[in-house]
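S.K.: Here you go, one structure.
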Amino acid sequence: MSVNPELQGRTLPASASYLVGREKVREFSRAVFAQSPLNHDPEAAIAAGYADVVAPPTFAVVVQEHALAELLALPDTGIDFARVVHGDQRFSFTRPIVAGDLLTATLTVTSVKTLGAHSMVTAESRIVDASGDHVVTAISTLVVRGDE
C-alpha cells in the first residue's frame with residue numbers, strides 16, 4: 001500500500017491537552033543529558049524569570065507525538081508504521097515549554113512526496129498553550145519505506 005497523496009493539506013482536530021509536569025521535564029532532561037539548572041531546579045528557573053523548570057527544546061516531541069499518533073491511526077493514510085523511519089525534526093519556538101503549561105497540538109500534513117518506492121510525509125504541529133498562544137511549531141518528516 002502506498003501513502004495516500006490526498007493527505008497533503010489535511011489538518012487534524014487539536015490533540016487532547018497535555019499538562020507538562022515538573023518530573024516529566026526532569027526525566028526528559030536527564031534522558032537527553034540536558035545539564036542546565038533551568039531544566040532541573042525550580043528555584044533556578046524562577047530566578048531566571050520562569051514559572052517553573054524549563055523543558056529542553058526537544059521536549060516538544062512529547063506533545064507532537066500525540067498528534068502524530070492520531071495521524072498514523074487514520075485508516076486512509078496508507079502509512080504502515082512498521083515501515084516508518086524518522087527522517088527529520090525541526091522546531092520553531094515563540095517561547096520555551098515550562099512545567100505547568102497546558103499544551104495542545106494541531107497537526108497539518110504539509111507535504112507528501114514519492115521517491116521511487118518510498119514516500120516522505122512532512123507534518124507540522126502547531127503547539128499552543130491554554131490561552132491559545134503559540135509556543136512552538138514542531139515539524140517532522142517521516143520516511144515510509146516502500147516494498148523492497
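Labeling convention for the C-alpha cells: chains A, B, ... as they appear, residues from 1 per chain, ligands from 1 in order of appearance.
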Please provide the set of residues having any atom within 8 Å of Val135 of chain A, restricted to only C-alpha atoms, with same-chain residues fewer than 5 positions apart removed, written as a list in words.
M.R.: Phe93, Thr94, Arg95, Pro96, Ile97, Ile127, Val128 and Asp129 of chain A
S.K.: Would you export the selected residues with C-alpha atoms as a PDB file, in the first residue's frame, please?
M.R.:
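Saved to out_10.pdb:
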ATOM      1  CA  PHE A  93       9.779  28.481  19.184  1.00  0.00           C
ATOM      2  CA  THR A  94       7.949  31.550  20.383  1.00  0.00           C
ATOM      3  CA  ARG A  95       8.916  30.691  23.952  1.00  0.00           C
ATOM      4  CA  PRO A  96      10.267  27.707  25.898  1.00  0.00           C
ATOM      5  CA  ILE A  97       7.984  24.997  27.275  1.00  0.00           C
ATOM      6  CA  ILE A 127       1.559  23.749  19.694  1.00  0.00           C
ATOM      7  CA  VAL A 128      -0.285  26.354  21.767  1.00  0.00           C
ATOM      8  CA  ASP A 129      -0.826  26.965  25.471  1.00  0.00           C
TER       9      ASP A 129
END
S.K.: Could you list, as an MDAnalysis selection string, every residue within 6 Å of segment 36-46 of chain A, counting only C-alpha atoms and ignoring same-chain residues fewer than 5 positions away?
M.R.: chainID A and resid 26 51:55
S.K.: Can you write just those residues out, N, CA, C and O atoms, as a PDB file, in the first residue's frame?
M.R.:
ATOM      1  N   ARG A  26      12.108  16.961  34.154  1.00  0.00           N
ATOM      2  CA  ARG A  26      13.375  16.489  34.739  1.00  0.00           C
ATOM      3  C   ARG A  26      13.809  15.153  34.136  1.00  0.00           C
ATOM      4  O   ARG A  26      14.977  14.957  33.822  1.00  0.00           O
ATOM      5  N   ALA A  51       8.190  30.351  35.388  1.00  0.00           N
ATOM      6  CA  ALA A  51       7.263  29.922  36.433  1.00  0.00           C
ATOM      7  C   ALA A  51       7.694  28.613  37.089  1.00  0.00           C
ATOM      8  O   ALA A  51       7.327  28.343  38.232  1.00  0.00           O
ATOM      9  N   ASP A  52       8.471  27.807  36.362  1.00  0.00           N
ATOM     10  CA  ASP A  52       8.913  26.502  36.866  1.00  0.00           C
ATOM     11  C   ASP A  52      10.047  26.034  35.962  1.00  0.00           C
ATOM     12  O   ASP A  52      10.529  26.806  35.128  1.00  0.00           O
ATOM     13  N   VAL A  53      10.440  24.771  36.102  1.00  0.00           N
ATOM     14  CA  VAL A  53      11.547  24.257  35.300  1.00  0.00           C
ATOM     15  C   VAL A  53      11.228  24.354  33.812  1.00  0.00           C
ATOM     16  O   VAL A  53      10.071  24.262  33.404  1.00  0.00           O
ATOM     17  N   VAL A  54      12.283  24.573  33.035  1.00  0.00           N
ATOM     18  CA  VAL A  54      12.165  24.776  31.589  1.00  0.00           C
ATOM     19  C   VAL A  54      12.529  23.483  30.883  1.00  0.00           C
ATOM     20  O   VAL A  54      13.570  22.873  31.170  1.00  0.00           O
ATOM     21  N   ALA A  55      11.696  23.068  29.955  1.00  0.00           N
ATOM     22  CA  ALA A  55      11.953  21.838  29.200  1.00  0.00           C
ATOM     23  C   ALA A  55      13.040  22.091  28.151  1.00  0.00           C
ATOM     24  O   ALA A  55      13.099  23.175  27.565  1.00  0.00           O
TER      25      ALA A  55
END
S.K.: Please provide as a list in words all residues within 9 Å of Pro5 of chain A, with the sequence filter that same-chain residues fewer than 6 positions apart are discarded (counting only C-alpha atoms).
M.R.: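 In the requested form, the answer reads Thr77, Ser111, Val112, Lys113 and Thr114 of chain A.
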S.K.: Could those selected residues go to a file with N, CA and C atoms, as a short mmCIF file (atom, residue, chain, number, x, y, z; two decimals), in the first residue's frame?
M.R.:
data_model
loop_
_atom_site.label_atom_id
_atom_site.label_comp_id
_atom_site.auth_asym_id
_atom_site.auth_seq_id
_atom_site.Cartn_x
_atom_site.Cartn_y
_atom_site.Cartn_z
N THR A 77 -4.56 6.62 5.55
CA THR A 77 -3.26 7.24 5.29
C THR A 77 -2.38 6.44 4.35
N SER A 111 3.29 18.09 3.39
CA SER A 111 3.90 17.55 2.17
C SER A 111 3.81 16.04 2.15
N VAL A 112 3.52 15.50 0.97
CA VAL A 112 3.61 14.06 0.72
C VAL A 112 4.37 13.92 -0.60
N LYS A 113 5.52 13.28 -0.55
CA LYS A 113 6.33 13.10 -1.75
C LYS A 113 6.62 11.62 -1.94
N THR A 114 6.68 11.21 -3.18
CA THR A 114 7.05 9.85 -3.52
C THR A 114 8.42 9.88 -4.17
#
S.K.: Determine, counting only C-alpha atoms, which protein, DNA and RNA residues have an atom within 7 Å of an atom of segment 98-107 of chain A; residues of the same chain fewer than 2 positions away are not included. Present the result as a PyMOL selection string.
M.R.: chain A and resi 11-22+25+52-55+63-64+67+96+109+123-130
S.K.: Pick the closest to Gly78 of chain A from A:Leu115, A:Ala138, A:Val121, A:Ala47: which is it, counting only C-alpha atoms?
M.R.: A:Val121
S.K.: Identify, with DSSP run on backbone atoms, the residues in segment 2-68 of chain A assigned to alpha helix (DSSP H), and express the list as an MDAnalysis selection string.
M.R.: chainID A and resid 22:31 37:40 42:47 60:68
S.K.: Find the residues around Thr141 of chain A up to 7 Å (only C-alpha atoms counted), leave out those fewer than 5 positions away in its own chain, and share them as a VMD selection string.
M.R.: chain A and resid 86 to 89 120 to 123
S.K.: Taking all heavy atoms for each residue, export the selection above as a compact mmCIF listing (two decimals), in the first residue's frame.
M.R.:
# COMPACT_ATOMS: atom_id res chain seq x y z
N HIS A 86 12.09 7.80 11.03
CA HIS A 86 12.05 9.25 11.27
C HIS A 86 13.15 9.91 10.46
O HIS A 86 14.33 9.59 10.61
CB HIS A 86 12.23 9.52 12.77
CG HIS A 86 11.90 10.91 13.16
ND1 HIS A 86 12.79 11.72 13.77
CD2 HIS A 86 10.76 11.63 13.02
CE1 HIS A 86 12.23 12.90 14.01
NE2 HIS A 86 11.00 12.86 13.56
N GLY A 87 12.78 10.81 9.56
CA GLY A 87 13.74 11.40 8.64
C GLY A 87 14.30 12.74 9.07
O GLY A 87 15.47 13.03 8.84
N ASP A 88 13.47 13.58 9.72
CA ASP A 88 13.92 14.92 10.06
C ASP A 88 13.03 15.48 11.15
O ASP A 88 11.86 15.10 11.27
CB ASP A 88 13.86 15.82 8.82
CG ASP A 88 14.43 17.21 9.04
OD1 ASP A 88 15.47 17.33 9.72
OD2 ASP A 88 13.83 18.19 8.54
N GLN A 89 13.58 16.40 11.95
CA GLN A 89 12.82 17.06 13.00
C GLN A 89 13.33 18.49 13.14
O GLN A 89 14.54 18.71 13.20
CB GLN A 89 13.00 16.33 14.34
CG GLN A 89 12.18 16.90 15.47
CD GLN A 89 10.70 16.58 15.32
OE1 GLN A 89 10.33 15.43 15.16
NE2 GLN A 89 9.87 17.60 15.36
N MET A 120 7.76 10.27 1.55
CA MET A 120 8.13 11.16 2.64
C MET A 120 6.91 11.99 3.00
O MET A 120 6.31 12.63 2.13
CB MET A 120 9.29 12.06 2.24
CG MET A 120 10.57 11.30 1.99
SD MET A 120 11.93 12.34 1.43
CE MET A 120 12.21 13.34 2.87
N VAL A 121 6.55 11.96 4.28
CA VAL A 121 5.39 12.70 4.77
C VAL A 121 5.90 13.72 5.79
O VAL A 121 6.52 13.35 6.78
CB VAL A 121 4.37 11.75 5.44
CG1 VAL A 121 3.18 12.54 5.98
CG2 VAL A 121 3.92 10.68 4.47
N THR A 122 5.64 14.99 5.52
CA THR A 122 6.03 16.05 6.44
C THR A 122 4.79 16.57 7.14
O THR A 122 3.79 16.90 6.49
CB THR A 122 6.76 17.19 5.71
OG1 THR A 122 7.92 16.64 5.06
CG2 THR A 122 7.22 18.27 6.68
N ALA A 123 4.87 16.61 8.47
CA ALA A 123 3.74 17.06 9.29
C ALA A 123 4.21 18.19 10.19
O ALA A 123 5.27 18.10 10.83
CB ALA A 123 3.20 15.91 10.12
S.K.: Which of chain A end up as strand (DSSP E or B) when DSSP is run on this backbone - answer as a ChimeraX atom specification?
M.R.: /A:11,18-19,54,84-93,98,102-115,118-128,134-144
